[in-house]
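Enquirer: Input file: structure_2.pdb. Contents: PDB, C-alpha atoms.
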ATOM      1  CA  THR A1064      -2.945  -5.373  12.827  1.00  0.00           C
ATOM      2  CA  THR A1065       0.430  -5.586  11.072  1.00  0.00           C
ATOM      3  CA  THR A1066       1.756  -3.044   8.609  1.00  0.00           C
ATOM      4  CA  GLY A1067       4.751  -3.222   6.332  1.00  0.00           C
ATOM      5  CA  THR A1068       6.293  -2.302   3.021  1.00  0.00           C
ATOM      6  CA  VAL A1069       7.100  -4.515   0.042  1.00  0.00           C
ATOM      7  CA  LYS A1070       9.501  -3.568  -2.717  1.00  0.00           C
ATOM      8  CA  TYR A1071       8.289  -4.383  -6.233  1.00  0.00           C
ATOM      9  CA  GLU A1072      11.151  -5.170  -8.606  1.00  0.00           C
ATOM     10  CA  PRO A1073      10.265  -6.027 -12.223  1.00  0.00           C
ATOM     11  CA  PRO A1074      11.382  -9.567 -13.062  1.00  0.00           C
ATOM     12  CA  ALA A1075      14.528  -9.769 -15.181  1.00  0.00           C
ATOM     13  CA  ASP A1076      12.798 -11.803 -17.916  1.00  0.00           C
ATOM     14  CA  GLU A1077      10.023  -9.377 -18.946  1.00  0.00           C
ATOM     15  CA  GLN A1078      10.850  -9.560 -22.653  1.00  0.00           C
ATOM     16  CA  GLY A1079       7.655 -10.008 -24.648  1.00  0.00           C
ATOM     17  CA  ILE A1080       5.353  -8.624 -21.938  1.00  0.00           C
ATOM     18  CA  PRO A1081       3.268  -5.728 -23.327  1.00  0.00           C
ATOM     19  CA  ASP A1082       3.950  -2.285 -21.878  1.00  0.00           C
ATOM     20  CA  PHE A1083       0.231  -2.270 -20.994  1.00  0.00           C
ATOM     21  CA  PHE A1084       0.914  -4.717 -18.144  1.00  0.00           C
ATOM     22  CA  ARG A1085       4.366  -3.574 -17.026  1.00  0.00           C
ATOM     23  CA  LEU A1086       5.130  -1.999 -13.668  1.00  0.00           C
ATOM     24  CA  SER A1087       8.247  -0.031 -12.829  1.00  0.00           C
ATOM     25  CA  ALA A1088      10.202  -0.573  -9.607  1.00  0.00           C
ATOM     26  CA  HIS A1089       8.396   0.865  -6.593  1.00  0.00           C
ATOM     27  CA  SER A1090       7.549   0.207  -2.961  1.00  0.00           C
ATOM     28  CA  PHE A1091       4.048  -0.155  -1.539  1.00  0.00           C
ATOM     29  CA  ASP A1092       2.615  -0.354   1.965  1.00  0.00           C
ATOM     30  CA  PHE A1093       0.270  -3.081   3.141  1.00  0.00           C
ATOM     31  CA  GLU A1094      -1.912  -3.768   6.145  1.00  0.00           C
ATOM     32  CA  MET A1095      -2.675  -7.234   7.525  1.00  0.00           C
ATOM     33  CA  LYS A1096      -5.461  -8.039  10.002  1.00  0.00           C
ATOM     34  CA  PRO A1097      -6.110 -11.544  11.378  1.00  0.00           C
ATOM     35  CA  LEU A1098      -9.512 -13.055  10.615  1.00  0.00           C
ATOM     36  CA  PRO A1099     -11.326 -15.644  12.773  1.00  0.00           C
ATOM     37  CA  SER A1100     -10.504 -19.256  11.894  1.00  0.00           C
ATOM     38  CA  SER A1101     -11.352 -22.446  13.740  1.00  0.00           C
ATOM     39  CA  SER A1102      -8.718 -24.459  11.873  1.00  0.00           C
ATOM     40  CA  SER A1103      -5.714 -25.870  13.707  1.00  0.00           C
ATOM     41  CA  LYS A1104      -3.801 -26.102  10.419  1.00  0.00           C
ATOM     42  CA  ILE A1105      -4.180 -22.659   8.844  1.00  0.00           C
ATOM     43  CA  ALA A1106      -4.340 -18.970   9.759  1.00  0.00           C
ATOM     44  CA  VAL A1107      -6.369 -16.447   7.748  1.00  0.00           C
ATOM     45  CA  SER A1108      -5.680 -12.709   7.456  1.00  0.00           C
ATOM     46  CA  GLU A1109      -7.130  -9.835   5.479  1.00  0.00           C
ATOM     47  CA  VAL A1110      -4.412  -8.034   3.501  1.00  0.00           C
ATOM     48  CA  THR A1111      -4.916  -4.689   1.761  1.00  0.00           C
ATOM     49  CA  PHE A1112      -2.592  -2.534  -0.320  1.00  0.00           C
ATOM     50  CA  PRO A1113      -2.954   0.204  -2.965  1.00  0.00           C
ATOM     51  CA  SER A1114      -3.701  -0.743  -6.557  1.00  0.00           C
ATOM     52  CA  PRO A1115      -0.856   0.232  -8.922  1.00  0.00           C
ATOM     53  CA  MET A1116      -3.557   1.761 -11.164  1.00  0.00           C
ATOM     54  CA  THR A1117      -5.580   4.743  -9.957  1.00  0.00           C
ATOM     55  CA  THR A1118      -9.240   5.046 -11.021  1.00  0.00           C
ATOM     56  CA  PRO A1119     -11.751   7.841 -10.311  1.00  0.00           C
ATOM     57  CA  HIS A1120     -13.384   5.574  -7.686  1.00  0.00           C
ATOM     58  CA  PRO A1121     -11.574   5.586  -4.300  1.00  0.00           C
ATOM     59  CA  ASN A1122     -12.946   2.245  -3.050  1.00  0.00           C
ATOM     60  CA  ASN A1123     -11.614   0.494  -6.149  1.00  0.00           C
ATOM     61  CA  ASN A1124      -8.110   1.867  -5.618  1.00  0.00           C
ATOM     62  CA  THR A1125      -7.443  -0.447  -2.662  1.00  0.00           C
ATOM     63  CA  VAL A1126      -6.808  -4.130  -3.400  1.00  0.00           C
ATOM     64  CA  HIS A1127      -8.513  -6.450  -0.895  1.00  0.00           C
ATOM     65  CA  THR A1128      -7.132  -9.950  -0.403  1.00  0.00           C
ATOM     66  CA  GLU A1129      -7.362 -12.799   2.092  1.00  0.00           C
ATOM     67  CA  PHE A1130      -4.208 -14.718   2.979  1.00  0.00           C
ATOM     68  CA  PHE A1131      -4.622 -18.400   3.865  1.00  0.00           C
ATOM     69  CA  ARG A1132      -1.356 -19.507   5.490  1.00  0.00           C
ATOM     70  CA  PRO A1133      -0.330 -22.979   6.668  1.00  0.00           C
ATOM     71  CA  LYS A1134       0.548 -22.863  10.386  1.00  0.00           C
ATOM     72  CA  ALA A1135       3.306 -25.479  10.199  1.00  0.00           C
ATOM     73  CA  PRO A1136       6.825 -24.044   9.911  1.00  0.00           C
ATOM     74  CA  GLY A1137       8.692 -24.127   6.607  1.00  0.00           C
ATOM     75  CA  LYS A1138       8.654 -22.640   3.114  1.00  0.00           C
ATOM     76  CA  TYR A1139       5.609 -23.337   0.982  1.00  0.00           C
ATOM     77  CA  PRO A1140       4.539 -22.728  -2.609  1.00  0.00           C
ATOM     78  CA  GLY A1141       2.280 -19.702  -3.020  1.00  0.00           C
ATOM     79  CA  VAL A1142      -0.824 -19.359  -5.205  1.00  0.00           C
ATOM     80  CA  ILE A1143      -2.994 -16.391  -6.224  1.00  0.00           C
ATOM     81  CA  VAL A1144      -6.693 -17.405  -6.152  1.00  0.00           C
ATOM     82  CA  LEU A1145      -9.297 -15.581  -8.302  1.00  0.00           C
ATOM     83  CA  HIS A1146     -13.101 -15.689  -8.049  1.00  0.00           C
ATOM     84  CA  ILE A1147     -16.037 -16.126 -10.455  1.00  0.00           C
ATOM     85  CA  LEU A1148     -17.872 -13.471 -12.501  1.00  0.00           C
ATOM     86  CA  GLY A1149     -20.891 -13.381 -10.180  1.00  0.00           C
ATOM     87  CA  GLY A1150     -18.741 -12.216  -7.290  1.00  0.00           C
ATOM     88  CA  ASP A1151     -19.588 -15.155  -5.014  1.00  0.00           C
ATOM     89  CA  PHE A1152     -16.425 -15.443  -2.926  1.00  0.00           C
ATOM     90  CA  ASP A1153     -17.302 -18.696  -1.138  1.00  0.00           C
ATOM     91  CA  LEU A1154     -15.936 -20.922  -3.895  1.00  0.00           C
ATOM     92  CA  ALA A1155     -12.621 -19.049  -4.069  1.00  0.00           C
ATOM     93  CA  ARG A1156     -12.321 -19.209  -0.272  1.00  0.00           C
ATOM     94  CA  LEU A1157     -12.966 -22.957  -0.415  1.00  0.00           C
ATOM     95  CA  VAL A1158     -10.126 -23.364  -2.934  1.00  0.00           C
ATOM     96  CA  ALA A1159      -7.783 -21.163  -0.879  1.00  0.00           C
ATOM     97  CA  ARG A1160      -8.600 -22.995   2.344  1.00  0.00           C
ATOM     98  CA  GLN A1161      -8.051 -26.383   0.715  1.00  0.00           C
ATOM     99  CA  LEU A1162      -4.692 -25.267  -0.688  1.00  0.00           C
ATOM    100  CA  ALA A1163      -3.533 -23.950   2.683  1.00  0.00           C
ATOM    101  CA  THR A1164      -4.695 -27.114   4.454  1.00  0.00           C
ATOM    102  CA  ASN A1165      -2.415 -28.999   2.062  1.00  0.00           C
ATOM    103  CA  ASN A1166       0.589 -26.732   2.771  1.00  0.00           C
ATOM    104  CA  VAL A1167       0.216 -24.286  -0.123  1.00  0.00           C
ATOM    105  CA  ALA A1168      -0.064 -20.627   0.911  1.00  0.00           C
ATOM    106  CA  ALA A1169      -3.009 -19.027  -0.911  1.00  0.00           C
ATOM    107  CA  LEU A1170      -3.803 -15.353  -1.498  1.00  0.00           C
ATOM    108  CA  PHE A1171      -7.429 -14.846  -2.547  1.00  0.00           C
ATOM    109  CA  LEU A1172      -7.676 -11.539  -4.479  1.00  0.00           C
ATOM    110  CA  LYS A1173     -10.904  -9.610  -5.064  1.00  0.00           C
ATOM    111  CA  LEU A1174     -10.938  -8.261  -8.616  1.00  0.00           C
ATOM    112  CA  PRO A1175     -11.622  -4.591  -9.510  1.00  0.00           C
ATOM    113  CA  TYR A1176     -15.082  -3.292  -8.554  1.00  0.00           C
ATOM    114  CA  TYR A1177     -15.955  -6.459  -6.620  1.00  0.00           C
ATOM    115  CA  GLY A1178     -16.961  -6.654  -2.955  1.00  0.00           C
ATOM    116  CA  PRO A1179     -15.391  -3.855  -0.893  1.00  0.00           C
ATOM    117  CA  ARG A1180     -14.005  -2.354  -4.116  1.00  0.00           C
ATOM    118  CA  GLU A1181     -17.500  -1.353  -5.335  1.00  0.00           C
ATOM    119  CA  GLN A1182     -18.172   2.382  -5.243  1.00  0.00           C
ATOM    120  CA  PRO A1183     -21.641   3.194  -3.820  1.00  0.00           C
ATOM    121  CA  GLY A1184     -23.797   5.103  -6.275  1.00  0.00           C
ATOM    122  CA  VAL A1185     -21.493   4.355  -9.214  1.00  0.00           C
ATOM    123  CA  ASP A1186     -22.550   1.742 -11.788  1.00  0.00           C
ATOM    124  CA  VAL A1187     -19.089   0.682 -12.953  1.00  0.00           C
ATOM    125  CA  LYS A1188     -18.080  -2.976 -13.268  1.00  0.00           C
ATOM    126  CA  MET A1189     -14.903  -4.763 -14.283  1.00  0.00           C
ATOM    127  CA  ILE A1190     -16.824  -6.442 -17.124  1.00  0.00           C
ATOM    128  CA  SER A1191     -19.499  -4.345 -18.821  1.00  0.00           C
ATOM    129  CA  ALA A1192     -21.052  -3.417 -22.158  1.00  0.00           C
ATOM    130  CA  ASP A1193     -18.492  -0.600 -22.403  1.00  0.00           C
ATOM    131  CA  PRO A1194     -15.493  -2.197 -24.163  1.00  0.00           C
ATOM    132  CA  GLN A1195     -13.049   0.521 -23.091  1.00  0.00           C
ATOM    133  CA  GLN A1196     -14.027   0.155 -19.428  1.00  0.00           C
ATOM    134  CA  THR A1197     -13.746  -3.624 -19.722  1.00  0.00           C
ATOM    135  CA  VAL A1198     -10.229  -3.356 -21.159  1.00  0.00           C
ATOM    136  CA  LEU A1199      -9.234  -1.038 -18.306  1.00  0.00           C
ATOM    137  CA  GLY A1200     -10.840  -3.461 -15.842  1.00  0.00           C
ATOM    138  CA  PHE A1201      -8.726  -6.340 -17.143  1.00  0.00           C
ATOM    139  CA  LYS A1202      -5.614  -4.159 -17.125  1.00  0.00           C
ATOM    140  CA  GLN A1203      -6.162  -3.196 -13.497  1.00  0.00           C
ATOM    141  CA  ALA A1204      -6.844  -6.808 -12.562  1.00  0.00           C
ATOM    142  CA  VAL A1205      -3.539  -7.919 -14.090  1.00  0.00           C
ATOM    143  CA  VAL A1206      -1.401  -5.202 -12.487  1.00  0.00           C
ATOM    144  CA  ASP A1207      -3.154  -5.813  -9.149  1.00  0.00           C
ATOM    145  CA  ILE A1208      -2.280  -9.505  -9.489  1.00  0.00           C
ATOM    146  CA  ARG A1209       1.331  -8.632 -10.308  1.00  0.00           C
ATOM    147  CA  GLN A1210       1.583  -6.492  -7.170  1.00  0.00           C
ATOM    148  CA  ALA A1211      -0.121  -9.216  -5.117  1.00  0.00           C
ATOM    149  CA  THR A1212       2.386 -11.744  -6.448  1.00  0.00           C
ATOM    150  CA  ALA A1213       5.246  -9.546  -5.254  1.00  0.00           C
ATOM    151  CA  TRP A1214       3.616  -9.384  -1.818  1.00  0.00           C
ATOM    152  CA  LEU A1215       3.065 -13.146  -1.696  1.00  0.00           C
ATOM    153  CA  GLY A1216       6.633 -13.904  -2.761  1.00  0.00           C
ATOM    154  CA  ALA A1217       7.975 -11.585  -0.055  1.00  0.00           C
ATOM    155  CA  GLN A1218       6.331 -13.491   2.802  1.00  0.00           C
ATOM    156  CA  PRO A1219       8.807 -15.484   4.922  1.00  0.00           C
ATOM    157  CA  GLU A1220       6.778 -18.706   4.705  1.00  0.00           C
ATOM    158  CA  VAL A1221       6.488 -18.585   0.892  1.00  0.00           C
ATOM    159  CA  ASP A1222       9.044 -19.875  -1.616  1.00  0.00           C
ATOM    160  CA  PRO A1223       9.279 -17.121  -4.272  1.00  0.00           C
ATOM    161  CA  GLU A1224      10.480 -19.693  -6.794  1.00  0.00           C
ATOM    162  CA  GLN A1225       7.235 -21.673  -6.480  1.00  0.00           C
ATOM    163  CA  LEU A1226       4.448 -19.242  -7.323  1.00  0.00           C
ATOM    164  CA  GLY A1227       1.306 -19.972  -9.322  1.00  0.00           C
ATOM    165  CA  ILE A1228      -2.215 -18.799 -10.071  1.00  0.00           C
ATOM    166  CA  THR A1229      -5.635 -20.432 -10.126  1.00  0.00           C
ATOM    167  CA  GLY A1230      -9.101 -19.137 -10.955  1.00  0.00           C
ATOM    168  CA  ILE A1231     -12.623 -20.185 -11.863  1.00  0.00           C
ATOM    169  CA  SER A1232     -14.780 -18.694 -14.662  1.00  0.00           C
ATOM    170  CA  LEU A1233     -13.839 -14.986 -14.869  1.00  0.00           C
ATOM    171  CA  GLY A1234     -10.993 -15.844 -12.497  1.00  0.00           C
ATOM    172  CA  GLY A1235      -9.772 -18.450 -14.960  1.00  0.00           C
ATOM    173  CA  ILE A1236      -9.888 -16.027 -17.904  1.00  0.00           C
ATOM    174  CA  THR A1237      -8.140 -13.319 -15.885  1.00  0.00           C
ATOM    175  CA  GLY A1238      -5.669 -15.882 -14.553  1.00  0.00           C
ATOM    176  CA  ALA A1239      -4.704 -16.909 -18.090  1.00  0.00           C
ATOM    177  CA  LEU A1240      -4.097 -13.271 -18.997  1.00  0.00           C
ATOM    178  CA  ALA A1241      -2.071 -12.637 -15.838  1.00  0.00           C
ATOM    179  CA  PHE A1242      -0.033 -15.797 -16.396  1.00  0.00           C
ATOM    180  CA  THR A1243       1.234 -14.404 -19.719  1.00  0.00           C
ATOM    181  CA  ALA A1244       2.155 -11.084 -18.046  1.00  0.00           C
ATOM    182  CA  GLU A1245       3.873 -12.326 -14.871  1.00  0.00           C
ATOM    183  CA  PRO A1246       7.117 -14.297 -15.298  1.00  0.00           C
ATOM    184  CA  ARG A1247       7.137 -15.162 -11.577  1.00  0.00           C
ATOM    185  CA  PHE A1248       4.302 -17.618 -12.161  1.00  0.00           C
ATOM    186  CA  LYS A1249       5.602 -21.145 -12.711  1.00  0.00           C
ATOM    187  CA  LYS A1250       2.216 -22.873 -12.896  1.00  0.00           C
ATOM    188  CA  ALA A1251      -1.431 -22.095 -13.622  1.00  0.00           C
ATOM    189  CA  PHE A1252      -4.570 -24.140 -12.953  1.00  0.00           C
ATOM    190  CA  LEU A1253      -7.599 -22.612 -14.683  1.00  0.00           C
ATOM    191  CA  MET A1254     -11.163 -23.902 -14.264  1.00  0.00           C
ATOM    192  CA  LEU A1255     -14.282 -23.270 -16.388  1.00  0.00           C
ATOM    193  CA  ALA A1256     -12.448 -20.522 -18.267  1.00  0.00           C
ATOM    194  CA  GLY A1257     -13.620 -19.602 -21.767  1.00  0.00           C
ATOM    195  CA  GLY A1258     -11.030 -20.198 -24.459  1.00  0.00           C
ATOM    196  CA  ASP A1259     -10.693 -17.529 -27.179  1.00  0.00           C
ATOM    197  CA  ILE A1260     -12.455 -14.759 -25.264  1.00  0.00           C
ATOM    198  CA  ALA A1261     -12.591 -12.517 -28.387  1.00  0.00           C
ATOM    199  CA  ARG A1262     -14.577 -15.128 -30.313  1.00  0.00           C
ATOM    200  CA  ILE A1263     -16.896 -15.701 -27.364  1.00  0.00           C
ATOM    201  CA  GLY A1264     -17.617 -11.970 -27.263  1.00  0.00           C
ATOM    202  CA  ALA A1265     -18.235 -11.835 -31.009  1.00  0.00           C
ATOM    203  CA  GLU A1266     -20.397 -14.946 -31.399  1.00  0.00           C
ATOM    204  CA  SER A1267     -22.115 -15.765 -28.100  1.00  0.00           C
ATOM    205  CA  PRO A1268     -25.899 -15.195 -27.874  1.00  0.00           C
ATOM    206  CA  GLU A1269     -25.382 -13.207 -24.663  1.00  0.00           C
ATOM    207  CA  ALA A1270     -23.295 -10.634 -26.551  1.00  0.00           C
ATOM    208  CA  LYS A1271     -25.785  -9.965 -29.399  1.00  0.00           C
ATOM    209  CA  GLU A1272     -27.458  -6.998 -27.695  1.00  0.00           C
ATOM    210  CA  ILE A1273     -24.099  -5.436 -26.842  1.00  0.00           C
ATOM    211  CA  LEU A1274     -22.807  -5.951 -30.370  1.00  0.00           C
ATOM    212  CA  GLY A1275     -25.946  -4.263 -31.710  1.00  0.00           C
ATOM    213  CA  ASP A1276     -25.095  -1.207 -29.644  1.00  0.00           C
TER     214      ASP A1276
END
Show how you would write the structure in this file as structure tokens.
Expert:
Amino acid sequence: TTTGTVKYEPPADEQGIPDFFRLSAHSFDFEMKPLPSSSSKIAVSEVTFPSPMTTPHPNNNTVHTEFFRPKAPGKYPGVIVLHILGGDFDLARLVARQLATNNVAALFLKLPYYGPREQPGVDVKMISADPQQTVLGFKQAVVDIRQATAWLGAQPEVDPEQLGITGISLGGITGALAFTAEPRFKKAFLMLAGGDIARIGAESPEAKEILGD
């Protein structure tokens, strides 16, 4: 297990980013544990650090990620990888592994209230029928991603000038939001992400019951 500290410095070009998604300068500790991998090309580690946003649910206040790192020496681009709404992590891991195999360092991030961030006995989700909770869920996701991006850019094998984000479904929607709030991102690749999320919420058949409430 490796521990360390990363300094978060707000990017110089934050003009136009809403205060809602801004983070002030701070330092945060992280822990990295190697995970089993049979690949000769990549190494995989679990990386955890505190969320910049504190919720009433302790499990959710730790951000859980998996770092897929190319083993060959050199500086590589770095990408944040986000998962689907259903919380099936296999697809995101497949994307991260493929990126790392092709010499792109990938940090797969588990969104708020997913996986180890669930709080037993508490029925709170990142996306729910409660609009205020959903807004807070998206806010936490974005600031978690911003902190994760600072961690990724601080790694010796990652080029901090070549950072991007990718996501599928909910990960694509969240990735689009994070891309507008994080100037460090140079590129985004978003898959199966709904365009105009407000209209989808207002007009989709799935939302009729919620709108009635």
Enquirer: When distances are computed from all atoms listed in the file, which of A:Arg1209, A:Glu1109, A:Lys1249, A:His1146 shows the smallest separation from A:Leu1086?
Expert: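 The closest residue to A:Leu1086 is A:Arg1209.
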Enquirer: Taking the point (12.5, -4.8, -9.9) as given in the file, collect each protein or nucleic acid residue that comes within 8 Å of it, counting all atoms listed in the file, and present the set as a PyMOL selection string.
Expert: chain A and resi 1070-1075+1087-1089
Enquirer: For each of A:Phe1130, A:Phe1242, A:Phe1252, A:Phe1152, take the minimum atom-to-atom distance to A:Val1205, counting all atoms listed in the file, then give the residue where this is smallest.
Expert: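 Between A:Phe1130, A:Phe1242, A:Phe1252, A:Phe1152, the residue approaching A:Val1205 most closely is A:Phe1242.
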Enquirer: Measure the distance from atom CA of A:Gly1234 to atom CA of A:Ser1101 in Å and round it to one decimal.
Expert: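 Distance between the two atoms: 27.1 Å.
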Enquirer: Need the shell around A:Glu1077: protein/DNA/RNA residues with any atom at most 9 Å away, counting all atoms listed in the file. Skip same-chain ones fewer than 3 positions apart. Format as a ChimeraX atom specification?
Expert: /A:1073-1074,1080-1081,1085,1244-1246
Enquirer: Write to file, as a PDB file, keeping the file's coordinate frame, the residues of the selection just made, with C-alpha atoms.
Expert:
ATOM      1  CA  PRO A1073      10.265  -6.027 -12.223  1.00  0.00           C
ATOM      2  CA  PRO A1074      11.382  -9.567 -13.062  1.00  0.00           C
ATOM      3  CA  ILE A1080       5.353  -8.624 -21.938  1.00  0.00           C
ATOM      4  CA  PRO A1081       3.268  -5.728 -23.327  1.00  0.00           C
ATOM      5  CA  ARG A1085       4.366  -3.574 -17.026  1.00  0.00           C
ATOM      6  CA  ALA A1244       2.155 -11.084 -18.046  1.00  0.00           C
ATOM      7  CA  GLU A1245       3.873 -12.326 -14.871  1.00  0.00           C
ATOM      8  CA  PRO A1246       7.117 -14.297 -15.298  1.00  0.00           C
TER       9      PRO A1246
END
Enquirer: Using the chain letters and residue numbers of this document, give as a ChimeraX atom specification the residues selected by the PyMOL selection byres ((chain A and resi 1200) around 9).
Expert: /A:1174-1176,1188-1190,1195-1199,1201-1205
Enquirer: Hey, can you spit out that residue selection with C-alpha atoms as a PDB file, in the frame of the given file?
Expert:
ATOM      1  CA  LEU A1174     -10.938  -8.261  -8.616  1.00  0.00           C
ATOM      2  CA  PRO A1175     -11.622  -4.591  -9.510  1.00  0.00           C
ATOM      3  CA  TYR A1176     -15.082  -3.292  -8.554  1.00  0.00           C
ATOM      4  CA  LYS A1188     -18.080  -2.976 -13.268  1.00  0.00           C
ATOM      5  CA  MET A1189     -14.903  -4.763 -14.283  1.00  0.00           C
ATOM      6  CA  ILE A1190     -16.824  -6.442 -17.124  1.00  0.00           C
ATOM      7  CA  GLN A1195     -13.049   0.521 -23.091  1.00  0.00           C
ATOM      8  CA  GLN A1196     -14.027   0.155 -19.428  1.00  0.00           C
ATOM      9  CA  THR A1197     -13.746  -3.624 -19.722  1.00  0.00           C
ATOM     10  CA  VAL A1198     -10.229  -3.356 -21.159  1.00  0.00           C
ATOM     11  CA  LEU A1199      -9.234  -1.038 -18.306  1.00  0.00           C
ATOM     12  CA  PHE A1201      -8.726  -6.340 -17.143  1.00  0.00           C
ATOM     13  CA  LYS A1202      -5.614  -4.159 -17.125  1.00  0.00           C
ATOM     14  CA  GLN A1203      -6.162  -3.196 -13.497  1.00  0.00           C
ATOM     15  CA  ALA A1204      -6.844  -6.808 -12.562  1.00  0.00           C
ATOM     16  CA  VAL A1205      -3.539  -7.919 -14.090  1.00  0.00           C
TER      17      VAL A1205
END
Enquirer: Given the choices A:Thr1243, A:Leu1154, A:Arg1132, A:Ile1263, which gets closest to A:Phe1084 if the distance is worked out from only C-alpha atoms?
Expert: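 Ranked by minimum distance to A:Phe1084, first place goes to A:Thr1243.
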Enquirer: Just say which residues the PyMOL selection byres ((chain A and resi 1232) around 12) picks in this file, as a PyMOL selection string.
Expert: chain A and resi 1144-1151+1154-1155+1229-1231+1233-1239+1252-1258+1260
Enquirer: Which one of A:Gln1078, A:Ser1114, A:Ser1108, A:Thr1164 sits closest to A:Asp1207 if you count all atoms listed in the file?
Expert: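 Looking at the shortest contact to A:Asp1207, the residue is A:Ser1114.
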Enquirer: Could you tell me, as a list of chain:residue names, exactly which residues end up selected when the PyMOL selection byres ((chain A and resi 1069) around 8) is applied to this structure?
Expert: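 Selection result, ordered by chain and number: A:Gly1067, A:Thr1068, A:Lys1070, A:Tyr1071, A:Ser1090, A:Phe1091, A:Asp1092, A:Phe1093, A:Ala1213, A:Trp1214, A:Ala1217.
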Enquirer: Choose the residue, out of A:Ala1169, A:Ala1211, A:Ala1265, A:Leu1274, that has the smallest atom-to-atom separation from A:Thr1111; count all atoms listed in the file.
Expert: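 Going through A:Ala1169, A:Ala1211, A:Ala1265, A:Leu1274 one by one, the smallest distance to A:Thr1111 is for A:Ala1211.
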